[in-house]
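The block underneath contains the structure these notes are about, expressed in structure tokens.
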Amino acid sequence: MNEAKLAIRDLGKRFPTRHGEFTALADVCFDVAAGEFVALVGASGCGKSTLLRLIGGLESPSSGQVLLDDSPVRGPGRDRAMVFQDYSLYPWLTVAQNVAFSRGLRANRSRDRAPSAERSRLLLELMGLERVADAYPHTLSGGMRQRVAIARALQNEPDVLLMDEPFGALDAQTREVMHELILHVLASERRTIVFVTHDVEEAVYLADRIIVLAPGPGRVDSIWPTDLPPALARSLELKQSAAFLRLAGRIRARIRETSGLQSDLAALRRLTGIKPPEPDSASRTS
Ligand SMILES: Nc1ncnc2c1ncn2[C@@H]1O[C@H](COP(=O)(O)OP(=O)(O)OP(=O)(O)O)[C@@H](O)[C@H]1O
Ligand SMILES: [Mg+2]
């Protein structure tokens, strides 16, 4: 018996292209425990979104498998909900209707209705959206729209929440509010979360473990436990602590090492003829 909520087993994904097959992911293995918050980070194009889509059942594996409670994922299901960067709300529905929409999909089971309607209301309250319940998405700010998307994802009480750069399009202040909100949600509704981000600080602040993926082909490079206090005991001061900054710095350095960025920069310098400043002269002028 496997105790993991999610088990990623030798997962591979190849895409057909005009130049033959492209291997986006190869031999990816890791487990996610029930109630755990795992962040996926890594260089652009290393396969983070592809991995999330495989877990969500929106893509099928070329090799290996994704196990959810020991059963292979064969497609999307109500046990998993996804939140994307671009909000993906229905523009013709109000905030309240967007949140309640997935409930409508199964409303033929009438006994579901009352508790779900109550849940929609509670989620609107939890997300601070009561005031805009009857507004349409285009009249909301980006942060509000993303709150609607999260409320909608939580409506069906999914076991697993899959989030692909959910706060990537938000400004720094709004993102900070969203971090507090997500920690708040975690404390009241413990879910298993797999969260993709480019923002290493965000990953360290929110996650229990961080998985660094490396490109060419996409694979697990390293796994970093964060060992931070429980969700609601985290505070913004934590981000200034030496342990936090050291961990974020080490993970960023690791991503840089795996990214091929150094050779890209070297090629750019050859192209432009501009040499980087000597470390010594840079420190003398500052
Ligand atoms: N449908 C597809 N057909 C062909 N190639 C694809 C397809 N989807 C993804 N890829 C390729 O797979 C690789 C991984 O893509 P993916 O979107 O998963 O990366 P990512 O890590 O999410 O990148 P980013 O950080 O920029 O969002 C990329 O090289 C991409 O071009
Ligand atoms: Mg992506």
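In the structure tokens, each chain is lettered A, B, ... as it comes, each chain's residues begin at 1, and ligands are numbered from 1 in order of appearance.
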Quiz prompt | Near-ligand residues for ligand 1, threshold 10 Å, only C-alpha atoms and all ligand atoms, as number ranges by chain | solution = A: 13-18, 21-25, 40-54, 59, 85, 164-165, 196-198, 213-218
Exercise. Tell me which protein, DNA and RNA residues are within 10 Å of A:Gly143, counting only C-alpha atoms, leaving out same-chain ones fewer than 5 positions away, and put them as a list in words.
Key: Tyr87, Val148, Ala149, Pro166, Phe167, Ala169, Leu170, Asp171, Gln173, Thr174, Arg175, Val177 and Met178 of chain A
Write out, as a PDB file, in the first residue's frame, the residues just selected, with C-alpha atoms.
ATOM      1  CA  TYR A  87      -7.815  33.381 -14.475  1.00  0.00           C
ATOM      2  CA  VAL A 148     -12.680  33.983  -7.953  1.00  0.00           C
ATOM      3  CA  ALA A 149     -10.679  31.325  -9.832  1.00  0.00           C
ATOM      4  CA  PRO A 166      -1.525  31.471 -10.338  1.00  0.00           C
ATOM      5  CA  PHE A 167      -0.091  34.798  -9.152  1.00  0.00           C
ATOM      6  CA  ALA A 169       0.360  38.193 -13.568  1.00  0.00           C
ATOM      7  CA  LEU A 170      -0.170  40.105 -10.308  1.00  0.00           C
ATOM      8  CA  ASP A 171       1.842  43.020  -8.942  1.00  0.00           C
ATOM      9  CA  GLN A 173       1.658  43.866  -3.301  1.00  0.00           C
ATOM     10  CA  THR A 174      -1.348  41.943  -4.600  1.00  0.00           C
ATOM     11  CA  ARG A 175       0.781  38.819  -4.716  1.00  0.00           C
ATOM     12  CA  VAL A 177      -2.023  39.506  -0.170  1.00  0.00           C
ATOM     13  CA  MET A 178      -2.663  36.345  -2.200  1.00  0.00           C
TER      14      MET A 178
END
Exercise. Using only C-alpha atoms, find the one residue out of A:Ala100, A:Glu176, A:Arg80, A:Asp27 that sits nearest to A:Lys239.
Key: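 The answer is A:Glu176, which sits nearest to A:Lys239.
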Self-check item: Test item: residues at most 10 Å from A:Cys29, only C-alpha atoms, excluding those fewer than 2 positions along its chain, as a count of residues only
Solution: 14
Quiz item: Could you pull out all residues of stretch 83-203 of chain A with a DSSP call of helix (DSSP H, G or I) and give them as a ChimeraX atom specification?
Solution: /A:95-105,110-126,130-132,137-139,142-155,172-188,200-203
Self-check item: Among listed residues A:Asp86, A:Thr226, A:Leu238, A:Ala207, nearest ligand 2 (using only C-alpha atoms and all ligand atoms)
Solution: A:Asp86
Quiz item: Rounded to one decimal in Å, what is the spacing between atom CA of A:Leu68 and atom CA of A:Lys5?
Solution: 5.8 Å
Quiz item: Closest to A:Gly77 among A:Asn156, A:Thr192, A:Ser259, A:Thr94, using only C-alpha atoms?
Solution: A:Asn156
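Using only C-alpha atoms for every distance, the candidate list A:Gly56, A:Gly35, A:Pro61, A:Gly20 yields A:Gly35 as the residue closest to A:Arg209.
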Quiz item: Nearest to ligand 2 among A:Ala133, A:Met163, A:Leu123, A:Ala117, with distances taken over only C-alpha atoms and all ligand atoms: which residue is it?
Solution: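 Closest to ligand 2, using only C-alpha atoms and all ligand atoms: A:Met163.
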